[in-house]
Protein chains: 2
Amino acid sequence: MPSDLARPPSPLARAELGSRVTAALAAYLDTQVALLDRIGPEVEPLARIARDFVLDGGKRLRPAFAYWGFRGAGGQDSDALIRAVSGLEMLQAGALVHDDVMDGSDTRRGAPSVHRQFSALHRLENWRGSAETFGESAAILLGNLCMIWAGSMLYSSGLPQQTLAGATPVFDEMRTELMAGQYLDVMQQAAADERVESAMTVARFKSAKYTVEKPLHLGAALAGEPATSDVRAAYTAFGLPIGEAFQMRDDVLGVFGDPAETGKPAGDDLREGKRTVLVAMTLRRATPAQAAAVRDRLGDATLDSEGVAELRTVIDGSGALAEVERLIADRTAQALAALELAPVVPEARDTLAALAVAATARRV
Amino acid sequence: MPSDLARPPSPLARAELGSRVTAALAAYLDTQVALLDRIGPEVEPLARIARDFVLDGGKRLRPAFAYWGFRGAGGQDSDALIRAVSGLEMLQAGALVHDDVMDGSDTRRGAPSVHRQFSALHRLENWRGSAETFGESAAILLGNLCMIWAGSMLYSSGLPQQTLAGATPVFDEMRTELMAGQYLDVMQQAAADERVESAMTVARFKSAKYTVEKPLHLGAALAGEPATSDVRAAYTAFGLPIGEAFQMRDDVLGVFGDPAETGKPAGDDLREGKRTVLVAMTLRRATPAQAAAVRDRLGDATLDSEGVAELRTVIDGSGALAEVERLIADRTAQALAALELAPVVPEARDTLAALAVAATARRV
């Protein structure tokens, strides 16, 4: 729980940070759209779809952890800092666009996924060849652009060069771990790996490190904290459990979430056959007959709402849902306890605590 | 022609640069393979295939242009510089891996393409789901890794921070233009765009700028030359025509090249329906009946060697091949004339001239 009750975390301040991140993204995108415009009018859809995708959604969670990681380590707010941390949202946008290609997802945030938007353009223009292949190719390139722009926003942020040099190892390791985590995810799905430990490893690399720990470290590095500092150790002690809790919340929402709130069809994770901690826990706890039914349906792209409902019943009835909720609560408590002891600026501690609670108790 | 006959470009010196680039790539990859190893043994194929792909081929052309762009601007050789420019080879590796996914290419450099290697792994391990989809997903992630490592090699090269700050705008613009050029390429193929001007625009962004002009500018920026300097203007005057000639040579090899030398099946560009300058020129010059036959077969994935031979006859007979060869010769002469006047160090001028001739007269 927040230690400094005289200075409660202000939801307004957090909303304001989100607006500043969006403004930094918009300003940066304007320069890139102008550059693409100069290449030729045919590139317009690439620029437009990229801009809309980055600006029309996203929780701005990674920039928030990086920002408060920086402030917690005693850094002073600046527009250059906002621009640097906003690069993490660009990275996330690129990762999501590629994710949707790899998963064959039709929708994202309640709208057609980027590759589907390009497929629709192909059909509208009556181009030749496969609209699907065109959509995927264009989305791969758009995702690459977003990831390139992530680094560009960091290195052209205007932060002192010496500061950027300190952040480089964190930024590099973060992105390498993200790709390795994504590979593990895809691979374990293909290998039908049912171990809870395997699902937890993916959660650690794809989410805990990438979403929380590494953004906090990036912020700390930008504030001048070396890799061996107490602040960075504290951010690990806080960030890993809260990041794992965050991913498990995602897993629960992927099965039990309200499509009106998540923007994804109900049960999409089940249709995609995702090997989440929730699913692994279910297979470990279910009766052999129940487990066989889950195995049979997991990854069945044609699963209808009745099938989803039946899987939900097994996941809930096996006790897996309750166990995952318990794990989320435990990890959150562990993270908050570590945060309590962290040698960081009180305002940042309070805000990080609020972010932790919001990220693990969310419904979207 | 080289102006300083007393100091002819040394082929040995160029081969030595290639070895230094390969050594820098190998040393960097060792650190990343170690990082991936720590994540888990399942990530091993990702690390191994990435390492083999980057080290087992590639002309090291972009690092060479960046290196000599730096030396031409008066910069002093260092291992840090080699590491920085080697990042461009990593970028190219990532772009090729994604290219092969987008084109559905089975082979690259005479070996299975990266996504095919991952598909083979999927079959070998008897994993579930589509081996093709797994291969493509893994290759997208591996390509991303290579592109991430490109920036990492530049920013962790050990070059002075102030120098890196000057190179950032060039590096960013180069990558954005590459992605836009790739998009234009895919789009014009889909739109069956037959204009010579369209094919030339793709050649400019995908090749002339990305392969020659921007690497030269990156080198110049690393040597402290501002964007408005005479050296950078001279590099543009040299780099754009030689880069266009380079791409047109590629187009010719894509149709008439010897598979034993190119490592690609004969006529692959025709099967993929690539809208090259050579093809656009053919459609402009051919009789209506010949043009109809070309349109009919272009992009036919089942085109056999007889079909390829017939298309070759039309491309040659229409005079398009001779016209493209003339354009290559003209552009090369124009580039060499510009280089003659460039205010650069003589040794660099001579080597750039030799690189220009090698890149446009090559058979691979």
# chains A, B, ... in the order shown; residues from 1 in each chain; ligands from 1
$ residues_around --residues "Tyr183 of chain A" --least-positions-apart "3" --cutoff "12 Å" --atoms "only C-alpha atoms" --output "ChimeraX atom specification"
/A:99,102,176-180,186-191,201-202,205-206 /B:36,39-40,42-47,118,134-145
$ calpha_fit_and_write --fixed "chain A" --moving "chain B" --output "CSV table (one decimal) with C-alpha atoms, in the first residue's frame"
chain,number,residue,atom,x,y,z
B,1,MET,CA,0.3,-0.1,0.1
B,2,PRO,CA,1.4,3.5,-0.6
B,3,SER,CA,3.6,4.6,2.2
B,4,ASP,CA,3.1,8.3,1.9
B,5,LEU,CA,-0.6,8.9,2.7
B,6,ALA,CA,-0.1,12.7,2.7
B,7,ARG,CA,0.6,12.5,-1.1
B,8,PRO,CA,-1.9,10.0,-2.6
B,9,PRO,CA,-1.3,9.1,-6.3
B,10,SER,CA,-3.3,11.4,-8.4
B,11,PRO,CA,-5.4,9.8,-11.2
B,12,LEU,CA,-5.3,13.2,-12.9
B,13,ALA,CA,-1.5,13.2,-13.0
B,14,ARG,CA,-1.6,9.7,-14.6
B,15,ALA,CA,-4.1,10.7,-17.2
B,16,GLU,CA,-2.1,13.8,-17.9
B,17,LEU,CA,1.0,11.6,-18.5
B,18,GLY,CA,-1.0,9.5,-21.0
B,19,SER,CA,-1.9,12.7,-22.9
B,20,ARG,CA,1.7,13.9,-23.0
B,21,VAL,CA,2.8,10.5,-24.3
B,22,THR,CA,0.1,10.7,-27.0
B,23,ALA,CA,1.1,14.2,-27.9
B,24,ALA,CA,4.7,13.2,-28.2
B,25,LEU,CA,3.8,10.2,-30.4
B,26,ALA,CA,1.6,12.5,-32.6
B,27,ALA,CA,4.4,15.1,-33.0
B,28,TYR,CA,6.9,12.4,-33.9
B,29,LEU,CA,4.5,10.7,-36.3
B,30,ASP,CA,3.9,14.0,-38.1
B,31,THR,CA,7.6,14.2,-39.0
B,32,GLN,CA,7.5,10.6,-40.3
B,33,VAL,CA,4.3,11.0,-42.2
B,34,ALA,CA,5.9,14.0,-43.9
B,35,LEU,CA,9.0,11.9,-44.8
B,36,LEU,CA,6.8,9.2,-46.2
B,37,ASP,CA,4.7,11.7,-48.2
B,38,ARG,CA,7.8,12.9,-49.9
B,39,ILE,CA,8.5,9.4,-51.2
B,40,GLY,CA,5.2,9.2,-53.1
B,41,PRO,CA,1.4,9.3,-52.7
B,42,GLU,CA,1.2,5.5,-52.9
B,43,VAL,CA,2.9,5.3,-49.5
B,44,GLU,CA,0.0,7.2,-47.9
B,45,PRO,CA,-1.9,4.1,-46.6
B,46,LEU,CA,1.2,3.0,-44.7
B,47,ALA,CA,1.6,6.4,-43.0
B,48,ARG,CA,-2.1,6.7,-42.3
B,49,ILE,CA,-2.7,3.2,-40.9
B,50,ALA,CA,0.5,3.5,-38.8
B,51,ARG,CA,-0.6,6.8,-37.3
B,52,ASP,CA,-4.1,5.7,-36.6
B,53,PHE,CA,-3.0,2.5,-35.0
B,54,VAL,CA,-0.5,4.2,-32.7
B,55,LEU,CA,-2.7,7.1,-31.7
B,56,ASP,CA,-6.1,5.3,-31.4
B,57,GLY,CA,-5.4,3.1,-28.5
B,58,GLY,CA,-3.0,1.5,-26.1
B,59,LYS,CA,-2.7,1.8,-22.4
B,60,ARG,CA,0.6,3.7,-22.4
B,61,LEU,CA,1.7,1.3,-19.7
B,62,ARG,CA,5.3,0.9,-20.6
B,63,PRO,CA,6.0,4.7,-21.0
B,64,ALA,CA,4.3,5.1,-17.6
B,65,PHE,CA,6.6,2.6,-15.9
B,66,ALA,CA,9.6,4.1,-17.6
B,67,TYR,CA,8.6,7.6,-16.7
B,68,TRP,CA,8.0,6.8,-13.0
B,69,GLY,CA,11.1,4.6,-12.9
B,70,PHE,CA,13.0,7.7,-14.0
B,71,ARG,CA,11.2,10.0,-11.5
B,72,GLY,CA,11.6,7.4,-8.7
B,73,ALA,CA,15.3,7.5,-9.3
B,74,GLY,CA,15.3,11.3,-8.7
B,75,GLY,CA,15.1,12.4,-12.4
B,76,GLN,CA,13.5,15.7,-13.3
B,77,ASP,CA,10.6,15.8,-15.7
B,78,SER,CA,11.2,17.2,-19.2
B,79,ASP,CA,9.6,17.0,-22.6
B,80,ALA,CA,12.7,15.2,-23.9
B,81,LEU,CA,12.1,12.4,-21.3
B,82,ILE,CA,8.5,12.1,-22.4
B,83,ARG,CA,9.6,11.7,-26.0
B,84,ALA,CA,12.2,9.1,-25.0
B,85,VAL,CA,9.8,6.9,-23.0
B,86,SER,CA,7.1,7.3,-25.6
B,87,GLY,CA,9.3,5.2,-27.9
B,88,LEU,CA,8.3,2.2,-25.8
B,89,GLU,CA,4.7,2.7,-26.9
B,90,MET,CA,5.9,2.7,-30.5
B,91,LEU,CA,7.8,-0.6,-29.8
B,92,GLN,CA,4.6,-2.1,-28.4
B,93,ALA,CA,2.6,-1.0,-31.4
B,94,GLY,CA,5.0,-2.7,-33.7
B,95,ALA,CA,5.0,-5.9,-31.6
B,96,LEU,CA,1.2,-6.0,-31.6
B,97,VAL,CA,1.0,-5.5,-35.4
B,98,HIS,CA,3.4,-8.5,-35.9
B,99,ASP,CA,1.6,-10.5,-33.2
B,100,ASP,CA,-1.7,-10.2,-35.0
B,101,VAL,CA,-0.1,-11.3,-38.3
B,102,MET,CA,1.5,-14.3,-36.5
B,103,ASP,CA,-1.8,-15.2,-34.7
B,104,GLY,CA,-4.0,-14.5,-37.7
B,105,SER,CA,-6.1,-12.2,-35.5
B,106,ASP,CA,-8.9,-10.4,-37.3
B,107,THR,CA,-9.4,-7.6,-34.8
B,108,ARG,CA,-7.5,-5.5,-32.3
B,109,ARG,CA,-9.0,-2.9,-30.0
B,110,GLY,CA,-12.4,-3.6,-31.5
B,111,ALA,CA,-11.2,-2.6,-35.0
B,112,PRO,CA,-9.8,-4.7,-37.9
B,113,SER,CA,-6.2,-5.6,-37.3
B,114,VAL,CA,-3.6,-3.9,-39.4
B,115,HIS,CA,-3.0,-6.7,-41.8
B,116,ARG,CA,-6.8,-7.0,-42.3
B,117,GLN,CA,-6.9,-3.2,-43.1
B,118,PHE,CA,-4.3,-3.7,-45.8
B,119,SER,CA,-6.2,-6.8,-47.1
B,120,ALA,CA,-9.3,-4.6,-47.4
B,121,LEU,CA,-7.3,-2.0,-49.3
B,122,HIS,CA,-6.1,-4.6,-51.7
B,123,ARG,CA,-9.7,-5.7,-52.4
B,124,LEU,CA,-11.0,-2.2,-52.6
B,125,GLU,CA,-8.3,-1.3,-55.2
B,126,ASN,CA,-9.0,-4.6,-57.0
B,127,TRP,CA,-5.3,-5.4,-57.0
B,128,ARG,CA,-4.0,-8.8,-58.2
B,129,GLY,CA,-2.7,-11.7,-56.2
B,130,SER,CA,-3.7,-12.7,-52.7
B,131,ALA,CA,-5.2,-9.9,-50.5
B,132,GLU,CA,-4.2,-11.9,-47.4
B,133,THR,CA,-0.6,-12.1,-48.5
B,134,PHE,CA,-0.5,-8.4,-49.3
B,135,GLY,CA,-2.1,-7.5,-46.0
B,136,GLU,CA,0.5,-9.6,-44.1
B,137,SER,CA,3.5,-8.2,-46.0
B,138,ALA,CA,2.3,-4.6,-45.5
B,139,ALA,CA,1.7,-5.3,-41.8
B,140,ILE,CA,5.2,-6.8,-41.4
B,141,LEU,CA,6.6,-3.6,-42.9
B,142,LEU,CA,4.4,-1.3,-40.8
B,143,GLY,CA,5.4,-3.2,-37.6
B,144,ASN,CA,9.0,-2.8,-38.6
B,145,LEU,CA,8.5,1.0,-39.1
B,146,CYS,CA,7.0,1.3,-35.6
B,147,MET,CA,9.9,-0.6,-34.1
B,148,ILE,CA,12.4,1.6,-36.0
B,149,TRP,CA,10.6,4.7,-34.8
B,150,ALA,CA,10.8,3.4,-31.2
B,151,GLY,CA,14.6,3.6,-31.2
B,152,SER,CA,14.4,6.9,-33.2
B,153,MET,CA,12.2,8.5,-30.5
B,154,LEU,CA,14.7,7.5,-27.8
B,155,TYR,CA,17.9,8.5,-29.6
B,156,SER,CA,16.5,11.8,-31.0
B,157,SER,CA,14.7,12.7,-27.8
B,158,GLY,CA,17.1,15.4,-26.9
B,159,LEU,CA,18.2,13.8,-23.7
B,160,PRO,CA,21.9,14.2,-23.0
B,161,GLN,CA,24.1,11.8,-25.0
B,162,GLN,CA,25.7,10.4,-21.9
B,163,THR,CA,22.3,9.5,-20.5
B,164,LEU,CA,21.3,7.7,-23.7
B,165,ALA,CA,24.6,5.7,-23.6
B,166,GLY,CA,23.6,4.4,-20.1
B,167,ALA,CA,20.1,3.4,-21.4
B,168,THR,CA,21.4,1.6,-24.5
B,169,PRO,CA,22.1,-1.8,-22.9
B,170,VAL,CA,18.7,-1.9,-21.2
B,171,PHE,CA,16.9,-0.9,-24.4
B,172,ASP,CA,18.7,-3.6,-26.4
B,173,GLU,CA,18.3,-6.4,-23.9
B,174,MET,CA,14.6,-5.5,-23.5
B,175,ARG,CA,13.9,-5.9,-27.2
B,176,THR,CA,15.9,-9.0,-27.5
B,177,GLU,CA,14.1,-10.6,-24.6
B,178,LEU,CA,10.8,-9.6,-26.1
B,179,MET,CA,11.5,-11.4,-29.3
B,180,ALA,CA,12.8,-14.4,-27.5
B,181,GLY,CA,9.7,-14.5,-25.3
B,182,GLN,CA,7.5,-14.2,-28.4
B,183,TYR,CA,9.4,-17.1,-30.0
B,184,LEU,CA,9.0,-19.2,-26.9
B,185,ASP,CA,5.3,-18.4,-26.9
B,186,VAL,CA,4.8,-19.5,-30.5
B,187,MET,CA,7.0,-22.5,-30.0
B,188,GLN,CA,5.3,-23.8,-26.9
B,189,GLN,CA,2.0,-23.4,-28.6
B,190,ALA,CA,3.2,-25.5,-31.5
B,191,ALA,CA,4.8,-28.1,-29.1
B,192,ALA,CA,1.6,-28.2,-27.1
B,193,ASP,CA,3.8,-27.7,-24.0
B,194,GLU,CA,1.5,-28.1,-21.0
B,195,ARG,CA,3.9,-27.3,-18.2
B,196,VAL,CA,2.9,-24.4,-15.8
B,197,GLU,CA,6.6,-23.6,-15.6
B,198,SER,CA,6.8,-23.1,-19.4
B,199,ALA,CA,3.9,-20.8,-19.4
B,200,MET,CA,5.4,-18.9,-16.5
B,201,THR,CA,8.7,-18.4,-18.4
B,202,VAL,CA,6.8,-16.9,-21.4
B,203,ALA,CA,5.0,-14.6,-19.0
B,204,ARG,CA,8.3,-13.6,-17.4
B,205,PHE,CA,10.0,-12.6,-20.7
B,206,LYS,CA,7.0,-11.4,-22.8
B,207,SER,CA,5.4,-9.5,-20.0
B,208,ALA,CA,7.1,-9.1,-16.6
B,209,LYS,CA,10.5,-8.1,-18.0
B,210,TYR,CA,9.3,-6.3,-21.2
B,211,THR,CA,6.3,-4.5,-19.7
B,212,VAL,CA,7.4,-3.6,-16.2
B,213,GLU,CA,11.0,-4.4,-15.1
B,214,LYS,CA,12.8,-3.2,-18.2
B,215,PRO,CA,10.8,0.0,-18.6
B,216,LEU,CA,11.6,0.8,-15.0
B,217,HIS,CA,15.3,0.0,-15.6
B,218,LEU,CA,15.2,2.2,-18.7
B,219,GLY,CA,13.9,5.1,-16.7
B,220,ALA,CA,16.4,4.5,-13.9
B,221,ALA,CA,19.3,4.3,-16.4
B,222,LEU,CA,18.1,7.6,-18.0
B,223,ALA,CA,18.2,9.1,-14.5
B,224,GLY,CA,21.8,7.9,-14.2
B,225,GLU,CA,21.4,4.8,-12.1
B,226,PRO,CA,24.0,2.1,-13.0
B,227,ALA,CA,23.0,-1.6,-13.6
B,228,THR,CA,24.2,-2.5,-10.1
B,229,SER,CA,22.3,0.2,-8.2
B,230,ASP,CA,19.9,-0.4,-5.3
B,231,VAL,CA,17.1,1.4,-7.2
B,232,ARG,CA,17.4,-1.0,-10.1
B,233,ALA,CA,17.5,-4.0,-7.8
B,234,ALA,CA,14.3,-2.7,-6.1
B,235,TYR,CA,12.7,-2.2,-9.5
B,236,THR,CA,13.4,-5.9,-10.3
B,237,ALA,CA,11.9,-7.0,-7.0
B,238,PHE,CA,8.8,-5.0,-7.7
B,239,GLY,CA,8.6,-5.3,-11.5
B,240,LEU,CA,8.9,-9.1,-12.0
B,241,PRO,CA,6.0,-10.2,-9.7
B,242,ILE,CA,3.7,-7.3,-10.8
B,243,GLY,CA,4.5,-8.1,-14.5
B,244,GLU,CA,3.7,-11.8,-14.0
B,245,ALA,CA,0.4,-10.8,-12.3
B,246,PHE,CA,-0.3,-8.4,-15.2
B,247,GLN,CA,0.1,-11.3,-17.7
B,248,MET,CA,-2.0,-13.6,-15.6
B,249,ARG,CA,-4.7,-10.9,-15.5
B,250,ASP,CA,-4.4,-10.8,-19.3
B,251,ASP,CA,-4.8,-14.6,-19.5
B,252,VAL,CA,-8.0,-14.4,-17.4
B,253,LEU,CA,-9.4,-11.6,-19.5
B,254,GLY,CA,-8.5,-13.6,-22.7
B,255,VAL,CA,-11.0,-16.3,-21.6
B,256,PHE,CA,-13.5,-14.5,-19.3
B,257,GLY,CA,-13.2,-10.9,-20.4
B,258,ASP,CA,-16.2,-8.9,-21.8
B,259,PRO,CA,-15.7,-8.4,-25.5
B,260,ALA,CA,-17.3,-4.9,-25.2
B,261,GLU,CA,-14.5,-3.9,-22.9
B,262,THR,CA,-11.5,-5.9,-24.2
B,263,GLY,CA,-12.2,-5.2,-27.9
B,264,LYS,CA,-11.4,-8.8,-28.7
B,265,PRO,CA,-14.0,-11.6,-29.4
B,266,ALA,CA,-14.7,-13.7,-26.3
B,267,GLY,CA,-12.5,-16.7,-26.0
B,268,ASP,CA,-10.0,-15.7,-28.7
B,269,ASP,CA,-7.1,-16.9,-26.7
B,270,LEU,CA,-8.7,-20.4,-26.6
B,271,ARG,CA,-9.3,-20.4,-30.4
B,272,GLU,CA,-5.6,-19.4,-30.9
B,273,GLY,CA,-4.5,-22.2,-28.5
B,274,LYS,CA,-2.5,-19.9,-26.3
B,275,ARG,CA,-0.5,-21.9,-23.7
B,276,THR,CA,-1.2,-19.5,-20.8
B,277,VAL,CA,-0.6,-20.2,-17.1
B,278,LEU,CA,-4.4,-20.4,-16.7
B,279,VAL,CA,-4.6,-23.2,-19.3
B,280,ALA,CA,-1.6,-25.0,-18.0
B,281,MET,CA,-3.1,-24.9,-14.5
B,282,THR,CA,-6.4,-26.2,-15.8
B,283,LEU,CA,-4.8,-29.2,-17.5
B,284,ARG,CA,-2.9,-29.9,-14.3
B,285,ARG,CA,-6.0,-29.8,-12.1
B,286,ALA,CA,-8.7,-31.2,-14.4
B,287,THR,CA,-9.9,-34.8,-14.5
B,288,PRO,CA,-8.5,-36.8,-17.4
B,289,ALA,CA,-11.7,-36.6,-19.3
B,290,GLN,CA,-11.9,-32.8,-18.8
B,291,ALA,CA,-8.3,-32.4,-19.8
B,292,ALA,CA,-8.9,-34.4,-23.0
B,293,ALA,CA,-11.8,-32.1,-23.8
B,294,VAL,CA,-9.7,-29.0,-23.3
B,295,ARG,CA,-6.8,-30.4,-25.4
B,296,ASP,CA,-9.2,-31.3,-28.1
B,297,ARG,CA,-10.7,-27.8,-28.4
B,298,LEU,CA,-7.7,-25.6,-27.6
B,299,GLY,CA,-6.5,-24.0,-30.9
B,300,ASP,CA,-9.7,-24.9,-32.7
B,301,ALA,CA,-10.3,-21.7,-34.8
B,302,THR,CA,-13.9,-22.7,-35.4
B,303,LEU,CA,-14.8,-22.9,-31.7
B,304,ASP,CA,-18.2,-21.3,-31.2
B,305,SER,CA,-19.6,-19.4,-28.2
B,306,GLU,CA,-21.0,-22.7,-26.8
B,307,GLY,CA,-17.6,-24.3,-27.0
B,308,VAL,CA,-16.1,-21.3,-25.3
B,309,ALA,CA,-18.7,-21.5,-22.5
B,310,GLU,CA,-17.9,-25.2,-22.0
B,311,LEU,CA,-14.2,-24.6,-21.7
B,312,ARG,CA,-14.9,-21.7,-19.3
B,313,THR,CA,-16.8,-24.2,-17.1
B,314,VAL,CA,-13.9,-26.6,-17.0
B,315,ILE,CA,-11.4,-23.8,-16.3
B,316,ASP,CA,-13.5,-22.5,-13.5
B,317,GLY,CA,-14.7,-25.9,-12.1
B,318,SER,CA,-11.2,-27.3,-12.0
B,319,GLY,CA,-10.2,-24.6,-9.6
B,320,ALA,CA,-7.6,-23.2,-12.0
B,321,LEU,CA,-9.3,-19.8,-12.2
B,322,ALA,CA,-9.3,-19.5,-8.4
B,323,GLU,CA,-5.7,-20.6,-8.2
B,324,VAL,CA,-4.6,-18.0,-10.9
B,325,GLU,CA,-6.6,-15.3,-9.1
B,326,ARG,CA,-4.8,-16.3,-5.9
B,327,LEU,CA,-1.4,-16.1,-7.7
B,328,ILE,CA,-2.3,-12.7,-9.1
B,329,ALA,CA,-3.1,-11.5,-5.5
B,330,ASP,CA,0.0,-13.0,-4.1
B,331,ARG,CA,2.3,-11.6,-6.7
B,332,THR,CA,0.7,-8.2,-6.4
B,333,ALA,CA,1.2,-8.2,-2.6
B,334,GLN,CA,4.8,-9.3,-3.0
B,335,ALA,CA,5.4,-6.5,-5.5
B,336,LEU,CA,3.9,-3.9,-3.3
B,337,ALA,CA,5.9,-5.1,-0.3
B,338,ALA,CA,9.1,-4.8,-2.3
B,339,LEU,CA,8.0,-1.3,-3.5
B,340,GLU,CA,7.5,-0.3,0.1
B,341,LEU,CA,11.2,-0.9,0.8
B,342,ALA,CA,12.5,0.6,-2.5
B,343,PRO,CA,14.8,3.6,-2.1
B,344,VAL,CA,12.7,5.8,-4.4
B,345,VAL,CA,11.1,9.2,-4.4
B,346,PRO,CA,7.7,9.0,-2.5
B,347,GLU,CA,5.6,10.4,-5.3
B,348,ALA,CA,6.9,7.8,-7.7
B,349,ARG,CA,6.4,5.0,-5.1
B,350,ASP,CA,2.8,6.0,-4.7
B,351,THR,CA,2.1,6.2,-8.4
B,352,LEU,CA,3.9,2.9,-9.1
B,353,ALA,CA,1.7,1.3,-6.5
B,354,ALA,CA,-1.4,2.7,-8.1
B,355,LEU,CA,-0.2,1.5,-11.5
B,356,ALA,CA,0.4,-1.9,-10.1
B,357,VAL,CA,-3.0,-2.2,-8.7
B,358,ALA,CA,-4.6,-0.8,-11.9
B,359,ALA,CA,-2.7,-3.2,-14.2
B,360,THR,CA,-3.6,-6.3,-12.2
B,361,ALA,CA,-7.2,-5.4,-11.3
B,362,ARG,CA,-8.2,-4.1,-14.7
B,363,ARG,CA,-11.1,-5.4,-16.9
B,364,VAL,CA,-9.6,-4.4,-20.3
